[in-house]
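Participant: This is the structure, below, for whatever I ask next.
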Amino acid sequence: MVVLSIKTTSRTEFVDITSKVQEAIGSAGLTEGLCMLYVPHTTAAITINESADPSVKSDILMVLNEVVPWEAEYRHGEGNSPAHIKSTLVGASELIAVEKGRLVLGTWQGIFFCEFDGPRTRRVQVKVIPA
Ligand code: ZN
């Protein structure tokens, strides 16, 4: 397993990690199979969406921040309940096919690490499964 290190710079942020994941597949030598991505954090997530127009990730973040307000009657004492909730809404893993050593993504798709309680240094686990 390869573990990517992601340094985030904002409280909430989407970081395009597509090229880092592709490099990890190359270094693992996988040509045909599956790439499992897993985020071992409770206030971060991973998603796949449009990477061509950066306003798409801004719009997604804007709506997540509207749906899950910063201030509410949260009970969790650490004060970061919105980050935990966004993490659960977006999800901790993705599974992507690999063919001829390349991630099989749609033309406009990119893989985004989703920071909801930054800035921090985060990890993304990349597990390649030959198939
Ligand atoms: Zn917490």
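In the structure tokens, each chain is lettered A, B, ... as it comes, each chain's residues begin at 1, and ligands are numbered from 1 in order of appearance.
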Show me which residues are within 12 Å of ligand 1 counting only C-alpha atoms and all ligand atoms, and format the list as a list in words.
Facilitator: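 The distance check yields His41, Thr42, Thr43, Ala44, Tyr74, Arg75, His76, Gly77, Glu78, Gly79, Asn80, Ser81, Pro82, Ala83, His84, Ile85, Lys86, Ser87, Phe116 and Asp117 of chain A.
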Participant: Which of stretch 8-131 of chain A end up as strand (DSSP E) when DSSP is run on this backbone - answer as number ranges by chain?
Facilitator: A: 13-16, 33-38, 44-50, 93-99, 102-103, 109-115, 121-130
Participant: Could you name the residues that touch A:Gly110 at 7 Å or less, counting only C-alpha atoms, but leaving out those on the same chain fewer than 2 positions away, as a list in words?
Facilitator: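 That gives Asp16, Thr18, Ile48, Asn49, Glu50, Ser51, Trp108 and Phe112 of chain A.
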Participant: Just the residues within 8 Å of A:Glu32, please, counting only C-alpha atoms, with nothing from its chain fewer than 6 positions along; format it as a PyMOL selection string.
Facilitator: chain A and resi 97-101+130-131
Participant: Would you list the contacts of A:Val124 as a tab-separated table (two decimals) with N, CA, C and O atoms, in the first residue's frame, taking every protein, DNA or RNA residue within 8 Å and counting only C-alpha atoms, but skipping same-chain residues closer than 2 positions in sequence?
Facilitator:
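What follows is the written file around.tsv:
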chain	number	residue	atom	x	y	z
A	3	VAL	N	0.96	5.33	0.75
A	3	VAL	CA	0.24	6.35	1.52
A	3	VAL	C	0.68	7.72	1.02
A	3	VAL	O	1.86	8.07	1.08
A	4	LEU	N	-0.29	8.47	0.50
A	4	LEU	CA	-0.01	9.83	0.03
A	4	LEU	C	-0.12	10.78	1.20
A	4	LEU	O	-0.99	10.63	2.06
A	5	SER	N	0.74	11.77	1.23
A	5	SER	CA	0.66	12.83	2.23
A	5	SER	C	0.12	14.09	1.55
A	5	SER	O	0.64	14.52	0.52
A	6	ILE	N	-0.96	14.63	2.12
A	6	ILE	CA	-1.62	15.79	1.53
A	6	ILE	C	-1.59	16.93	2.55
A	6	ILE	O	-2.11	16.79	3.65
A	37	LEU	N	-8.97	3.81	-2.89
A	37	LEU	CA	-8.50	4.99	-2.18
A	37	LEU	C	-9.27	5.09	-0.87
A	37	LEU	O	-10.50	4.98	-0.87
A	38	TYR	N	-8.54	5.29	0.21
A	38	TYR	CA	-9.20	5.34	1.51
A	38	TYR	C	-8.60	6.47	2.36
A	38	TYR	O	-7.38	6.62	2.45
A	39	VAL	N	-9.49	7.25	2.97
A	39	VAL	CA	-9.08	8.37	3.82
A	39	VAL	C	-9.27	7.98	5.28
A	39	VAL	O	-10.41	7.85	5.74
A	40	PRO	N	-8.17	7.79	6.04
A	40	PRO	CA	-8.29	7.33	7.43
A	40	PRO	C	-8.46	8.50	8.41
A	40	PRO	O	-7.73	8.60	9.39
A	122	ARG	N	-2.55	15.47	5.92
A	122	ARG	CA	-3.48	14.33	5.87
A	122	ARG	C	-2.87	13.18	5.11
A	122	ARG	O	-1.87	13.33	4.40
A	126	VAL	N	-3.55	4.33	-0.76
A	126	VAL	CA	-3.76	3.86	-2.12
A	126	VAL	C	-3.43	2.37	-2.15
A	126	VAL	O	-2.27	1.99	-1.97
Participant: With DSSP run on the backbone, what are the helix (DSSP H, G or I) residues within stretch 79-110 of chain A? I'd like them as number ranges by chain.
Facilitator: A: 81-90
Participant: Write the selection just made, keeping N, CA and C atoms, as an mmCIF file, in the first residue's frame?
Facilitator:
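Output file again.cif is given in full below:
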data_model
loop_
_atom_site.group_PDB
_atom_site.id
_atom_site.type_symbol
_atom_site.label_atom_id
_atom_site.label_comp_id
_atom_site.auth_asym_id
_atom_site.auth_seq_id
_atom_site.Cartn_x
_atom_site.Cartn_y
_atom_site.Cartn_z
ATOM 1 N N SER A 81 -18.011 19.422 14.814
ATOM 2 C CA SER A 81 -19.087 18.565 14.288
ATOM 3 C C SER A 81 -19.386 18.802 12.809
ATOM 4 N N PRO A 82 -19.394 20.054 12.312
ATOM 5 C CA PRO A 82 -19.651 20.218 10.877
ATOM 6 C C PRO A 82 -18.669 19.415 10.014
ATOM 7 N N ALA A 83 -17.416 19.353 10.429
ATOM 8 C CA ALA A 83 -16.417 18.595 9.657
ATOM 9 C C ALA A 83 -16.722 17.095 9.696
ATOM 10 N N HIS A 84 -17.131 16.585 10.862
ATOM 11 C CA HIS A 84 -17.487 15.159 10.949
ATOM 12 C C HIS A 84 -18.683 14.844 10.038
ATOM 13 N N ILE A 85 -19.665 15.739 10.042
ATOM 14 C CA ILE A 85 -20.887 15.499 9.251
ATOM 15 C C ILE A 85 -20.560 15.529 7.755
ATOM 16 N N LYS A 86 -19.772 16.519 7.320
ATOM 17 C CA LYS A 86 -19.399 16.588 5.901
ATOM 18 C C LYS A 86 -18.596 15.358 5.492
ATOM 19 N N SER A 87 -17.730 14.883 6.380
ATOM 20 C CA SER A 87 -16.945 13.684 6.095
ATOM 21 C C SER A 87 -17.855 12.491 5.814
ATOM 22 N N THR A 88 -18.895 12.345 6.631
ATOM 23 C CA THR A 88 -19.830 11.235 6.421
ATOM 24 C C THR A 88 -20.658 11.432 5.162
ATOM 25 N N LEU A 89 -21.071 12.650 4.874
ATOM 26 C CA LEU A 89 -21.876 12.905 3.673
ATOM 27 C C LEU A 89 -21.094 12.583 2.395
ATOM 28 N N VAL A 90 -19.819 12.951 2.366
ATOM 29 C CA VAL A 90 -19.026 12.763 1.138
ATOM 30 C C VAL A 90 -18.446 11.352 1.058
#
Participant: Ranking A:Thr107, A:Gln125, A:Thr31, A:Asn65 by minimum distance to A:Arg11 and counting only C-alpha atoms, which one comes first?
Facilitator: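 Checking each of A:Thr107, A:Gln125, A:Thr31, A:Asn65 against A:Arg11, counting only C-alpha atoms, the winner is A:Asn65.
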Participant: Which of these, A:Ala28, A:Ala72, A:Ile111, A:Ile96, has the shortest distance to A:Lys57 once you count only C-alpha atoms?
Facilitator: A:Ile111
Participant: Pick the closest to A:Leu103 from A:Leu30, A:Ala45, A:Val63, A:Val56: which is it, counting only C-alpha atoms?
Facilitator: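 Selected residue with least distance to A:Leu103: A:Leu30.
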Participant: In Å, how far is it from atom CA of A:Ile129 to atom CA of A:Met36?
Facilitator: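 These atoms are spaced 7.6 Å apart.
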